[in-house]
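Containing compact mmCIF, C-alpha atoms and all ligand atoms: final-v9.txt.
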# COMPACT_ATOMS: atom_id res chain seq x y z
CA MET N 260 0.00 0.00 0.00
CA ASN N 261 1.15 3.54 -0.78
CA TYR N 262 0.43 5.29 2.50
CA TYR N 263 1.00 9.01 2.93
CA ILE N 264 0.00 11.36 5.73
CA GLY N 265 -1.65 14.74 5.14
CA LEU N 266 -1.03 17.21 7.97
CA LEU N 267 -2.17 20.78 8.46
CA SER N 268 -3.58 23.51 10.58
CA GLY N 269 -5.84 25.78 8.51
CA THR N 270 -6.54 29.51 8.65
CA SER N 271 -9.31 28.91 11.20
CA VAL N 272 -6.64 27.76 13.72
CA ASP N 273 -9.23 25.31 15.04
CA GLY N 274 -6.75 22.46 15.50
CA ILE N 275 -4.44 20.01 13.74
CA ASP N 276 -5.78 17.68 11.05
CA ALA N 277 -3.77 14.51 10.41
CA ALA N 278 -4.86 11.67 8.13
CA VAL N 279 -3.43 8.54 6.52
CA ILE N 280 -4.30 8.36 2.83
CA SER N 281 -3.64 5.49 0.48
CA PHE N 282 -2.93 6.18 -3.20
CA ASP N 283 -2.76 4.17 -6.34
CA GLU N 284 -3.21 5.33 -9.93
CA ASN N 285 -6.99 5.51 -9.82
CA TYR N 286 -7.99 5.29 -6.22
CA ILE N 287 -7.62 7.60 -3.25
CA GLU N 288 -8.78 6.39 0.13
CA LEU N 289 -8.96 8.07 3.52
CA VAL N 290 -7.67 5.29 5.77
CA CYS N 291 -7.66 6.94 9.20
CA SER N 292 -7.92 10.44 10.61
CA HIS N 293 -7.06 12.23 13.83
CA GLU N 294 -8.02 15.73 14.91
CA GLN N 295 -6.02 17.26 17.71
CA LYS N 296 -6.66 20.45 19.63
CA PHE N 297 -3.71 22.72 20.46
CA SER N 298 -2.33 22.40 23.95
CA GLY N 299 -1.82 25.23 26.43
CA LYS N 300 -1.31 28.63 24.91
CA LEU N 301 -0.37 27.50 21.42
CA LYS N 302 -3.71 28.40 19.87
CA SER N 303 -3.80 31.89 21.35
CA ASN N 304 -0.12 32.42 20.44
CA LEU N 305 -0.82 31.50 16.82
CA GLN N 306 -3.92 33.67 16.75
CA SER N 307 -2.11 36.64 18.20
CA ILE N 308 0.76 36.34 15.67
CA ILE N 309 -1.73 36.18 12.80
CA LYS N 310 -3.85 39.00 14.16
CA SER N 311 -1.11 41.44 15.12
CA GLN N 312 1.13 40.56 12.17
CA SER N 313 4.08 41.22 14.39
CA VAL N 314 6.18 38.90 16.49
CA SER N 315 9.62 38.80 18.14
CA LEU N 316 12.15 36.45 16.52
CA LYS N 317 12.25 34.43 19.75
CA GLN N 318 8.47 34.08 19.79
CA LEU N 319 8.47 33.08 16.11
CA SER N 320 11.22 30.52 16.59
CA ASP N 321 9.67 29.05 19.75
CA THR N 322 6.22 28.79 18.14
CA ASP N 323 7.69 27.15 15.03
CA ALA N 324 9.34 24.48 17.22
CA LYS N 325 6.37 24.02 19.57
CA LEU N 326 3.96 23.61 16.67
CA ALA N 327 6.26 20.98 15.13
CA ASP N 328 6.17 19.09 18.44
CA GLU N 329 2.37 19.10 18.36
CA PHE N 330 2.37 18.05 14.69
CA SER N 331 4.69 15.15 15.64
CA LEU N 332 2.38 14.13 18.48
CA ALA N 333 -0.58 14.23 16.09
CA VAL N 334 1.24 11.98 13.60
CA ASN N 335 2.34 9.50 16.25
CA THR N 336 -1.17 9.35 17.73
CA LEU N 337 -2.62 8.88 14.24
CA LEU N 338 -0.27 5.96 13.55
CA GLU N 339 -1.32 4.27 16.78
CA LYS N 340 -4.98 4.77 15.93
CA ALA N 341 -4.42 3.37 12.42
CA ASN N 342 -2.37 0.48 13.76
CA LEU N 343 0.47 1.41 11.41
CA SER N 344 4.16 2.07 12.02
CA LYS N 345 6.39 4.82 10.65
CA LYS N 346 7.84 2.27 8.21
CA ASP N 347 4.43 1.98 6.53
CA ILE N 348 4.34 5.68 5.63
CA ILE N 349 6.19 6.90 2.54
CA ALA N 350 6.00 10.58 3.48
CA ILE N 351 4.11 13.25 5.41
CA GLY N 352 2.78 16.16 3.37
CA SER N 353 2.94 18.91 5.98
CA HIS N 354 1.38 22.22 5.09
CA GLY N 355 2.18 23.94 8.39
CA GLN N 356 0.30 26.93 9.75
CA THR N 357 0.09 30.02 7.57
CA ILE N 358 0.95 33.08 9.63
CA TYR N 359 1.38 35.50 6.74
CA HIS N 360 0.32 35.54 3.11
CA GLN N 361 1.10 38.44 0.81
CA PRO N 362 0.53 37.32 -2.78
CA ASP N 363 0.75 40.67 -4.58
CA GLY N 364 3.47 43.17 -5.46
CA ASN N 365 7.22 42.79 -5.90
CA LEU N 366 7.90 41.21 -2.52
CA ARG N 367 5.16 38.59 -2.68
CA ASN N 368 5.72 35.94 -0.06
CA THR N 369 3.99 33.52 2.25
CA ILE N 370 5.06 32.10 5.61
CA GLN N 371 4.05 28.72 7.03
CA ILE N 372 5.49 27.53 10.32
CA GLY N 373 5.80 24.17 12.15
CA SER N 374 9.43 23.08 11.59
CA PRO N 375 9.45 20.22 9.03
CA HIS N 376 12.95 19.20 10.13
CA ARG N 377 11.80 18.74 13.71
CA LEU N 378 8.76 16.83 12.44
CA ALA N 379 10.94 14.47 10.36
CA ALA N 380 13.32 13.96 13.30
CA GLN N 381 10.54 13.26 15.81
CA THR N 382 8.47 10.94 13.63
CA GLY N 383 11.24 9.21 11.67
CA ILE N 384 9.24 9.83 8.49
CA THR N 385 10.24 11.77 5.35
CA VAL N 386 8.46 15.13 5.19
CA VAL N 387 7.40 17.17 2.17
CA ASN N 388 6.60 20.80 2.98
CA ASN N 389 6.79 24.34 1.62
CA PHE N 390 4.14 23.84 -1.03
CA ARG N 391 3.54 27.49 -1.86
CA ASN N 392 6.81 29.40 -2.10
CA PHE N 393 8.20 28.19 -5.44
CA ASP N 394 4.81 28.74 -7.07
CA MET N 395 4.88 32.33 -5.79
CA ALA N 396 8.44 32.85 -6.95
CA LEU N 397 7.23 31.77 -10.40
CA GLY N 398 4.63 34.53 -10.37
CA GLY N 399 1.80 32.50 -8.80
CA GLN N 400 -0.45 33.30 -5.88
CA GLY N 401 0.75 30.19 -4.02
CA ALA N 402 -2.97 29.48 -3.46
CA PRO N 403 -5.38 27.86 -3.78
CA LEU N 404 -3.82 24.42 -4.32
CA ALA N 405 -7.09 22.54 -3.81
CA PRO N 406 -8.32 22.61 -7.46
CA LEU N 407 -5.88 19.75 -8.16
CA ILE N 408 -7.59 17.41 -5.73
CA HIS N 409 -11.07 18.80 -6.41
CA GLN N 410 -10.73 17.84 -10.06
CA LYS N 411 -9.51 14.38 -9.12
CA LEU N 412 -12.18 13.60 -6.53
CA PHE N 413 -15.31 15.38 -7.73
CA THR N 414 -15.44 15.13 -11.51
CA GLN N 415 -18.63 13.17 -12.10
CA ASN N 416 -20.56 12.84 -15.38
CA ASN N 417 -18.39 15.73 -16.58
CA LYS N 418 -20.99 18.15 -15.21
CA ASN N 419 -19.67 21.68 -14.77
CA THR N 420 -19.31 21.83 -11.03
CA ALA N 421 -18.24 24.46 -8.50
CA VAL N 422 -16.29 22.83 -5.69
CA ILE N 423 -16.02 25.02 -2.63
CA ASN N 424 -13.86 24.64 0.44
CA LEU N 425 -15.41 26.50 3.39
CA GLY N 426 -12.43 26.93 5.73
CA GLY N 427 -11.42 30.21 7.33
CA ILE N 428 -11.31 31.49 3.76
CA ALA N 429 -13.56 30.14 0.98
CA ASN N 430 -11.85 28.89 -2.16
CA ILE N 431 -13.62 27.74 -5.29
CA SER N 432 -12.66 25.38 -8.12
CA PHE N 433 -14.54 25.05 -11.40
CA ILE N 434 -14.29 21.58 -12.92
CA GLY N 435 -16.12 19.55 -15.59
CA THR N 436 -16.53 19.49 -19.38
CA SER N 437 -15.87 23.18 -19.93
CA TYR N 438 -12.80 23.15 -17.68
CA LYS N 439 -10.07 20.92 -19.11
CA GLN N 440 -7.77 22.72 -16.70
CA PRO N 441 -9.57 23.58 -13.47
CA ILE N 442 -9.96 27.26 -12.62
CA GLY N 443 -9.80 28.29 -9.00
CA TYR N 444 -9.24 31.15 -6.59
CA ASP N 445 -10.02 32.41 -3.11
CA ILE N 446 -13.50 33.92 -3.00
CA GLY N 447 -13.12 35.71 0.33
CA PRO N 448 -14.06 34.99 3.95
CA ALA N 449 -15.93 31.79 4.87
CA ASN N 450 -15.63 31.16 8.62
CA CYS N 451 -12.86 33.55 9.70
CA LEU N 452 -15.06 36.60 10.36
CA ILE N 453 -18.01 34.51 11.53
CA ASP N 454 -15.80 32.74 14.08
CA GLU N 455 -14.21 35.95 15.33
CA TRP N 456 -17.55 37.74 15.72
CA ASN N 457 -19.10 34.71 17.35
CA PHE N 458 -16.25 34.40 19.84
CA ILE N 459 -16.55 38.04 20.91
CA HIS N 460 -20.30 37.85 21.49
CA GLN N 461 -21.07 34.22 22.30
CA LYS N 462 -17.71 33.14 23.78
CA THR N 463 -17.88 29.85 21.89
CA GLU N 464 -15.49 28.59 19.19
CA PHE N 465 -18.02 28.72 16.38
CA ASP N 466 -21.67 29.33 15.58
CA GLU N 467 -22.92 25.75 15.82
CA ASN N 468 -24.88 24.90 12.68
CA GLY N 469 -25.31 28.65 12.07
CA LEU N 470 -28.04 28.83 14.71
CA TRP N 471 -27.17 32.31 15.95
CA ALA N 472 -26.96 33.63 12.39
CA LYS N 473 -30.26 31.99 11.51
CA ASN N 474 -32.02 33.89 14.27
CA GLY N 475 -31.12 37.33 12.98
CA GLN N 476 -32.05 39.57 10.06
CA VAL N 477 -29.73 40.30 7.17
CA ASN N 478 -28.75 43.97 6.79
CA LYS N 479 -29.03 44.24 3.00
CA THR N 480 -27.31 47.63 2.76
CA LEU N 481 -24.33 46.36 4.74
CA LEU N 482 -24.22 43.19 2.65
CA GLU N 483 -24.24 45.24 -0.56
CA LYS N 484 -21.41 47.45 0.73
CA MET N 485 -19.34 44.41 1.69
CA LEU N 486 -19.89 42.82 -1.72
CA ASN N 487 -18.70 46.06 -3.34
CA ASP N 488 -15.30 45.61 -1.71
CA ASN N 489 -12.54 45.68 -4.27
CA TYR N 490 -11.37 42.13 -3.56
CA PHE N 491 -14.65 40.64 -4.81
CA GLN N 492 -14.37 42.60 -8.10
CA GLN N 493 -10.76 41.63 -8.84
CA PRO N 494 -10.24 39.11 -11.63
CA TYR N 495 -8.54 35.82 -10.77
CA PRO N 496 -5.95 34.51 -10.11
CA LYS N 497 -6.29 35.88 -6.61
CA SER N 498 -5.84 34.75 -3.03
CA THR N 499 -6.44 36.30 0.34
CA GLY N 500 -6.23 35.71 4.06
CA ARG N 501 -6.86 37.10 7.50
CA GLU N 502 -4.35 39.88 6.81
CA TYR N 503 -7.21 41.45 4.84
CA PHE N 504 -10.51 39.94 6.00
CA ASN N 505 -10.46 40.65 9.72
CA LEU N 506 -12.27 42.70 12.36
CA ASN N 507 -10.80 45.94 11.02
CA TRP N 508 -12.29 45.18 7.62
CA LEU N 509 -15.67 44.64 9.25
CA LYS N 510 -15.40 47.84 11.26
CA SER N 511 -14.50 49.82 8.15
CA PHE N 512 -18.20 49.75 7.16
CA GLU N 513 -18.88 52.52 9.65
CA GLY N 514 -22.42 53.76 9.70
CA GLU N 515 -24.05 50.49 8.74
CA PHE N 516 -21.86 48.43 11.05
CA ASP N 517 -22.50 50.68 14.06
CA LYS N 518 -26.28 50.60 13.81
CA THR N 519 -26.61 46.84 13.31
CA SER N 520 -27.11 44.47 16.25
CA ALA N 521 -24.47 41.82 16.93
CA GLY N 522 -26.87 39.04 15.92
CA ASP N 523 -27.76 40.75 12.65
CA ILE N 524 -24.06 41.22 11.86
CA GLN N 525 -23.62 37.47 12.29
CA THR N 526 -26.54 36.85 9.91
CA THR N 527 -25.13 39.32 7.38
CA LEU N 528 -21.66 37.72 7.55
CA THR N 529 -23.18 34.32 6.84
CA HIS N 530 -25.15 35.77 3.93
CA LEU N 531 -21.92 37.34 2.65
CA VAL N 532 -20.38 33.88 2.23
CA ALA N 533 -23.32 32.64 0.16
CA ALA N 534 -23.73 35.87 -1.82
CA SER N 535 -20.03 36.06 -2.75
CA ILE N 536 -20.11 32.42 -3.86
CA ALA N 537 -23.19 33.04 -6.01
CA LYS N 538 -21.53 36.10 -7.54
CA SER N 539 -18.41 34.05 -8.40
CA ILE N 540 -20.50 31.40 -10.10
CA GLN N 541 -22.53 33.94 -12.07
CA GLN N 542 -19.31 35.51 -13.37
CA GLN N 543 -18.37 32.25 -15.12
CA PRO N 544 -19.03 32.12 -18.87
CA HIS N 545 -20.27 28.51 -18.52
CA THR N 546 -23.41 27.18 -16.85
CA ILE N 547 -22.60 25.55 -13.54
CA GLU N 548 -24.86 22.59 -12.83
CA SER N 549 -23.91 21.56 -9.34
CA ILE N 550 -22.12 22.73 -6.20
CA VAL N 551 -20.09 20.55 -3.85
CA ILE N 552 -19.05 21.98 -0.50
CA MET N 553 -16.52 20.79 2.08
CA GLY N 554 -14.40 22.13 4.94
CA GLY N 555 -15.75 23.01 8.38
CA GLY N 556 -18.45 25.24 6.88
CA ALA N 557 -20.07 22.15 5.36
CA ASN N 558 -21.17 21.36 8.94
CA ASN N 559 -23.07 24.64 9.06
CA GLY N 560 -26.53 23.74 7.75
CA TYR N 561 -27.66 27.37 7.57
CA MET N 562 -24.65 28.29 5.42
CA GLN N 563 -25.39 25.43 3.03
CA GLU N 564 -29.05 26.46 2.84
CA LEU N 565 -28.04 30.02 1.93
CA ILE N 566 -25.52 28.88 -0.69
CA GLU N 567 -28.22 26.88 -2.44
CA GLN N 568 -30.68 29.76 -2.12
CA TYR N 569 -28.39 32.51 -3.47
CA SER N 570 -26.97 30.41 -6.33
CA ASN N 571 -30.12 28.47 -7.15
CA ILE N 572 -27.97 25.41 -7.92
CA PRO N 573 -28.29 21.97 -6.25
CA THR N 574 -25.73 21.83 -3.46
CA SER N 575 -24.33 18.73 -1.78
CA THR N 576 -21.41 18.06 0.52
CA SER N 577 -18.35 16.02 -0.47
CA GLN N 578 -19.81 13.21 1.66
CA GLN N 579 -22.11 12.40 -1.26
CA TYR N 580 -18.97 11.60 -3.25
CA GLY N 581 -17.64 9.42 -0.45
CA TYR N 582 -15.25 11.97 1.06
CA ASP N 583 -15.81 13.38 4.55
CA PRO N 584 -15.95 17.21 4.23
CA ASP N 585 -13.55 17.64 7.15
CA TRP N 586 -10.77 15.62 5.51
CA VAL N 587 -10.45 16.80 1.91
CA GLU N 588 -7.68 19.29 2.76
CA ALA N 589 -5.61 16.59 4.48
CA ILE N 590 -6.05 14.45 1.35
CA LEU N 591 -4.73 17.38 -0.70
CA PHE N 592 -1.46 17.63 1.22
CA ALA N 593 -0.95 13.87 1.22
CA TYR N 594 -1.54 13.94 -2.56
CA LEU N 595 1.00 16.74 -3.03
CA ALA N 596 3.55 14.70 -1.05
CA TYR N 597 2.80 11.66 -3.25
CA LYS N 598 3.38 13.73 -6.40
CA ARG N 599 6.58 15.28 -5.06
CA ILE N 600 8.08 11.99 -3.89
CA ASN N 601 7.40 10.60 -7.36
CA ASN N 602 9.05 13.68 -8.91
CA GLN N 603 5.97 14.59 -10.90
CA LYS N 604 5.75 18.20 -11.93
CA LEU N 605 2.37 19.88 -11.51
CA ASN N 606 0.90 22.64 -13.60
CA LEU N 607 -0.92 25.03 -11.29
CA SER N 608 -1.01 27.95 -13.73
CA SER N 609 -4.78 27.86 -14.40
CA PHE N 610 -5.49 28.59 -10.73
CA THR N 611 -2.42 30.08 -9.03
CA GLY N 612 -1.21 31.88 -12.16
CA SER N 613 2.40 30.63 -11.94
CA SER N 614 4.36 30.60 -15.17
CA LYS N 615 5.26 26.92 -15.64
CA ALA N 616 4.88 23.38 -14.32
CA LEU N 617 6.93 22.79 -11.18
CA LEU N 618 7.88 20.27 -8.51
CA VAL N 619 5.64 21.37 -5.66
CA GLY N 620 7.21 21.12 -2.19
CA ASP N 621 10.63 20.49 -0.63
CA ILE N 622 11.68 17.08 0.69
CA ILE N 623 13.32 16.48 4.06
CA HIS N 624 14.51 12.90 3.98
CA LYS N 625 14.17 10.94 7.22
N1 LIG C 1 -20.90 22.16 13.47
C1 LIG C 1 -20.48 23.31 12.93
N2 LIG C 1 -21.31 24.37 12.80
C2 LIG C 1 -20.89 25.54 12.28
N3 LIG C 1 -19.62 25.75 11.88
C3 LIG C 1 -18.73 24.75 11.98
C4 LIG C 1 -19.11 23.48 12.51
N4 LIG C 1 -18.00 22.68 12.47
C5 LIG C 1 -17.00 23.43 11.95
N5 LIG C 1 -17.42 24.67 11.67
C6 LIG C 1 -16.64 25.79 11.12
O1 LIG C 1 -15.53 25.30 10.41
C7 LIG C 1 -14.32 25.91 10.87
C8 LIG C 1 -13.17 24.98 10.65
O2 LIG C 1 -13.13 24.66 9.30
P1 LIG C 1 -11.81 24.11 8.63
O3 LIG C 1 -12.20 23.48 7.34
O4 LIG C 1 -11.04 23.30 9.60
O5 LIG C 1 -11.05 25.47 8.32
P2 LIG C 1 -9.49 25.71 8.19
O6 LIG C 1 -9.03 24.88 7.03
O7 LIG C 1 -9.40 27.18 7.96
O8 LIG C 1 -8.90 25.26 9.50
C9 LIG C 1 -14.61 26.23 12.32
O9 LIG C 1 -13.76 27.26 12.77
C10 LIG C 1 -16.08 26.64 12.25
O10 LIG C 1 -16.19 27.98 11.85
MG MG C 2 -9.11 23.47 10.42

Let me see the file written as structure tokens.
Amino acid sequence: MNYYIGLLSGTSVDGIDAAVISFDENYIELVCSHEQKFSGKLKSNLQSIIKSQSVSLKQLSDTDAKLADEFSLAVNTLLEKANLSKKDIIAIGSHGQTIYHQPDGNLRNTIQIGSPHRLAAQTGITVVNNFRNFDMALGGQGAPLAPLIHQKLFTQNNKNTAVINLGGIANISFIGTSYKQPIGYDIGPANCLIDEWNFIHQKTEFDENGLWAKNGQVNKTLLEKMLNDNYFQQPYPKSTGREYFNLNWLKSFEGEFDKTSAGDIQTTLTHLVAASIAKSIQQQPHTIESIVIMGGGANNGYMQELIEQYSNIPTSTSQQYGYDPDWVEAILFAYLAYKRINNQKLNLSSFTGSSKALLVGDIIHK
């Protein structure tokens, strides 16, 4: 069996995802998965680095090492759970934690932490990491990378399909007959603003099933103003992150923001996700026949309901294709490791915008 591990912590900073994936030419199977919460202050340290966009070198170095230790623990726990040993795993595809992403201008760069060297040393398994930097150096956005796996897993009956990952940020891939090469880009915020707003007012990690949002009223003027933001008008390729879509962005809609109740803001933010998705789909020159959603937001029934309502297109979760919505991203990074270990170049240009096919990721041999 060709076993690889996909390992990441996404922009939501909700925890570490680790999964064993088995690959052969035509079949990709999720063998075992393990979700691990951050211990002690790691979560708040990561959040504060991302939020403040400033950090001492000591704090950066310590967090890089500490995160690698927690990644290693997640991998070792996963192996136990799967009843596998390190010898069974060809490589770990480790995305790390993005703490900074700046895809535009002359000094475009992206920073993921969680030392891959420490991870390789502590697990005894070869690690592939650094999936975004070479793409960016070749003129790409370094994101999204998901269209590769979306095309592989969700092409069915060649229907033109929009595949949407609802993580902290929402990214979309268009696949099917009209898309020989998948198109893809970051749409904008999915859960990042919703989570932050929810935490301030409800003191819980997320708005379970969108219940709080469902109780409120959408502020249509505020929604319209948000949708008029420049990012939503920009042509792709494009990518974004919490450097842009954060509380300051929300507060910049003075006037409307100030006179709207906290609950109604939550409703409006949830509508924003669905409305921006519908807008993206309408901008396509081809008719899109179905929508597949995944990522944590696929567990938010209200969000799914709104996506279907705004787009007027049948919407299902990746579960209907046999893939648990919470584990598609881990499959992606395991797949990238599989491609890199087999020295297969990948052409990401139709979604990241990079100039040529490249070997994606760096290898740290065990
Ligand atoms: N039951 C649920 N109800 C509503 N939202 C949920 C639920 N489960 C997960 N989520 C949302 O999904 C987010 C995590 O999604 P995830 O795909 O892990 O994002 P990322 O890749 O950015 O880490 C949570 O922060 C939360 O906002
Ligand atoms: Mg996550």

*Could you tell me how far CA of Pro406 (chain N) lies from CA of Ile372 (chain N), in Å and to one decimal?*
23.0 Å

*Nearest to Leu378 (chain N): which of N:Ala557, N:Ala449, N:Ala333, N:Val314 is it, counting only C-alpha atoms?*
N:Ala333

*Any idea what's packed within 10 Å of His460 (chain N), counting all atoms listed in the file, ignoring anything in its chain fewer than 3 positions away? Could you give it as a PyMOL selection string?*
chain N and resi 455-457+463+521-522+525

*For ligand MG 2 (chain C), which of N:Gly581, N:Gly555, N:Gly475, N:Pro573 is the closest residue, counting only C-alpha atoms and all ligand atoms?*
N:Gly555

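The space between CA of Leu509 (chain N) and CA of Lys538 (chain N) spans 19.7 Å.
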
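The interatomic distance for the pair CA of Asn416 (chain N) and CA of Thr436 (chain N) works out to 8.7 Å.
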
Show me a table, sorted first by chain and then by increasing residue number, of the residues of chain N having an atom at most 9 Å from ligand LIG 1 (chain C), each with its shortest atom pair and the distance in Å to one decimal, counting all atoms listed in the file and written as JSON lines.
{"residue": "N:Leu267", "atom": "CA", "partner": "C:LIG1", "partner_atom": "O6", "distance": 8.1}
{"residue": "N:Ser268", "atom": "CA", "partner": "C:LIG1", "partner_atom": "O8", "distance": 5.7}
{"residue": "N:Gly269", "atom": "CA", "partner": "C:LIG1", "partner_atom": "O8", "distance": 3.3}
{"residue": "N:Thr270", "atom": "CA", "partner": "C:LIG1", "partner_atom": "O7", "distance": 3.8}
{"residue": "N:Ser271", "atom": "CA", "partner": "C:LIG1", "partner_atom": "O7", "distance": 3.7}
{"residue": "N:Val272", "atom": "CA", "partner": "C:LIG1", "partner_atom": "O8", "distance": 5.4}
{"residue": "N:Asp273", "atom": "CA", "partner": "C:LIG1", "partner_atom": "O9", "distance": 5.4}
{"residue": "N:Gly274", "atom": "CA", "partner": "C:LIG1", "partner_atom": "O8", "distance": 7.0}
{"residue": "N:Ile275", "atom": "CA", "partner": "C:LIG1", "partner_atom": "O8", "distance": 8.1}
{"residue": "N:Asp276", "atom": "CA", "partner": "C:LIG1", "partner_atom": "O4", "distance": 7.8}
{"residue": "N:Asn424", "atom": "CA", "partner": "C:LIG1", "partner_atom": "O3", "distance": 7.2}
{"residue": "N:Leu425", "atom": "CA", "partner": "C:LIG1", "partner_atom": "O3", "distance": 5.9}
{"residue": "N:Gly426", "atom": "CA", "partner": "C:LIG1", "partner_atom": "O5", "distance": 3.3}
{"residue": "N:Gly427", "atom": "CA", "partner": "C:LIG1", "partner_atom": "O7", "distance": 3.7}
{"residue": "N:Ile428", "atom": "CA", "partner": "C:LIG1", "partner_atom": "O7", "distance": 6.3}
{"residue": "N:Ala429", "atom": "CA", "partner": "C:LIG1", "partner_atom": "O7", "distance": 8.6}
{"residue": "N:Ala449", "atom": "CA", "partner": "C:LIG1", "partner_atom": "O10", "distance": 8.0}
{"residue": "N:Asn450", "atom": "CA", "partner": "C:LIG1", "partner_atom": "O10", "distance": 4.6}
{"residue": "N:Cys451", "atom": "CA", "partner": "C:LIG1", "partner_atom": "O10", "distance": 6.8}
{"residue": "N:Leu452", "atom": "CA", "partner": "C:LIG1", "partner_atom": "O10", "distance": 8.8}
{"residue": "N:Ile453", "atom": "CA", "partner": "C:LIG1", "partner_atom": "O10", "distance": 6.8}
{"residue": "N:Asp454", "atom": "CA", "partner": "C:LIG1", "partner_atom": "O10", "distance": 5.3}
{"residue": "N:Glu455", "atom": "CA", "partner": "C:LIG1", "partner_atom": "O10", "distance": 8.9}
{"residue": "N:Glu464", "atom": "CA", "partner": "C:LIG1", "partner_atom": "O9", "distance": 6.8}
{"residue": "N:Phe465", "atom": "CA", "partner": "C:LIG1", "partner_atom": "O10", "distance": 4.9}
{"residue": "N:Asp466", "atom": "CA", "partner": "C:LIG1", "partner_atom": "C2", "distance": 5.1}
{"residue": "N:Glu467", "atom": "CA", "partner": "C:LIG1", "partner_atom": "N2", "distance": 3.7}
{"residue": "N:Asn468", "atom": "CA", "partner": "C:LIG1", "partner_atom": "N2", "distance": 3.6}
{"residue": "N:Gly469", "atom": "CA", "partner": "C:LIG1", "partner_atom": "C2", "distance": 5.4}
{"residue": "N:Leu470", "atom": "CA", "partner": "C:LIG1", "partner_atom": "C2", "distance": 8.2}
{"residue": "N:Met553", "atom": "CA", "partner": "C:LIG1", "partner_atom": "O3", "distance": 7.3}
{"residue": "N:Gly554", "atom": "CA", "partner": "C:LIG1", "partner_atom": "O3", "distance": 3.5}
{"residue": "N:Gly555", "atom": "CA", "partner": "C:LIG1", "partner_atom": "O1", "distance": 3.1}
{"residue": "N:Gly556", "atom": "CA", "partner": "C:LIG1", "partner_atom": "O1", "distance": 4.6}
{"residue": "N:Ala557", "atom": "CA", "partner": "C:LIG1", "partner_atom": "C3", "distance": 7.2}
{"residue": "N:Asn558", "atom": "CA", "partner": "C:LIG1", "partner_atom": "C1", "distance": 4.5}
{"residue": "N:Asn559", "atom": "CA", "partner": "C:LIG1", "partner_atom": "C2", "distance": 4.0}
{"residue": "N:Gly560", "atom": "CA", "partner": "C:LIG1", "partner_atom": "N2", "distance": 7.3}
{"residue": "N:Tyr561", "atom": "CA", "partner": "C:LIG1", "partner_atom": "C2", "distance": 8.4}
{"residue": "N:Met562", "atom": "CA", "partner": "C:LIG1", "partner_atom": "C2", "distance": 8.3}
{"residue": "N:Pro584", "atom": "CA", "partner": "C:LIG1", "partner_atom": "O3", "distance": 7.9}
{"residue": "N:Asp585", "atom": "CA", "partner": "C:LIG1", "partner_atom": "O3", "distance": 6.0}
{"residue": "N:Trp586", "atom": "CA", "partner": "C:LIG1", "partner_atom": "O3", "distance": 8.2}
{"residue": "N:Val587", "atom": "CA", "partner": "C:LIG1", "partner_atom": "O3", "distance": 8.8}
{"residue": "N:Glu588", "atom": "CA", "partner": "C:LIG1", "partner_atom": "O6", "distance": 7.2}

*If you count all atoms listed in the file, which residues fall within 12 Å of Ser307 (chain N), apart from same-chain ones fewer than 4 positions away, as a list in words?*
Val272, Lys300, Leu301, Lys302, Ser303, Ser311, Gln312, Ser313, Val314, Ser315, Gln318, Leu319, Thr322, Ile358 and Arg501 of chain N

_Need to verify the contact set: His530 (chain N), 8 Å, all atoms listed in the file, exclusion of same-chain residues closer than 2 positions in sequence. Can you return it as a ChimeraX atom specification?_
/N:477,482,526-528,532-534,562,565

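Using all atoms listed in the file, the nearest neighbour of ligand MG 2 (chain C) within the list N:Gln603, N:Thr611, N:Asn335, N:Gln295 is N:Gln295.
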
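Of the listed residues (N:Ile442, N:Leu332, N:Ile308, N:Leu617), N:Leu332 comes nearest to Ala379 (chain N); the distances count all atoms listed in the file.
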
*Proximity to ligand MG 2 (chain C) - best of N:Thr480, N:Asn606, N:Ser498, N:Thr357, only C-alpha atoms and all ligand atoms*: N:Thr357

_Which residues are near Ser437 (chain N)? Cut-off 10 Å, all atoms listed in the file, ignore same chain within fewer than 4 positions. Put them as a ChimeraX atom specification._
/N:417-420,433,441,544-547

Could you please take those selected residues and save C-alpha atoms as a PDB file, in the coordinates of the input?
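What landed in result-v9.pdb:
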ATOM      1  CA  ASN N 417     -18.390  15.730 -16.580  1.00  0.00           C
ATOM      2  CA  LYS N 418     -20.990  18.150 -15.210  1.00  0.00           C
ATOM      3  CA  ASN N 419     -19.670  21.680 -14.770  1.00  0.00           C
ATOM      4  CA  THR N 420     -19.310  21.830 -11.030  1.00  0.00           C
ATOM      5  CA  PHE N 433     -14.540  25.050 -11.400  1.00  0.00           C
ATOM      6  CA  PRO N 441      -9.570  23.580 -13.470  1.00  0.00           C
ATOM      7  CA  PRO N 544     -19.030  32.120 -18.870  1.00  0.00           C
ATOM      8  CA  HIS N 545     -20.270  28.510 -18.520  1.00  0.00           C
ATOM      9  CA  THR N 546     -23.410  27.180 -16.850  1.00  0.00           C
ATOM     10  CA  ILE N 547     -22.600  25.550 -13.540  1.00  0.00           C
TER      11      ILE N 547
END

*Identify the residues around (9.5, 21.7, 18.2) within a radius of 12 Å, measuring from all atoms listed in the file in the coordinates stated by the file, and give them as a PyMOL selection string.*
chain N and resi 301+319-332+372-382

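Nearest to ligand MG 2 (chain C) of all the residues N:Lys473, N:Ala589, N:Asn285, N:Phe458 is N:Ala589, based on all atoms listed in the file.
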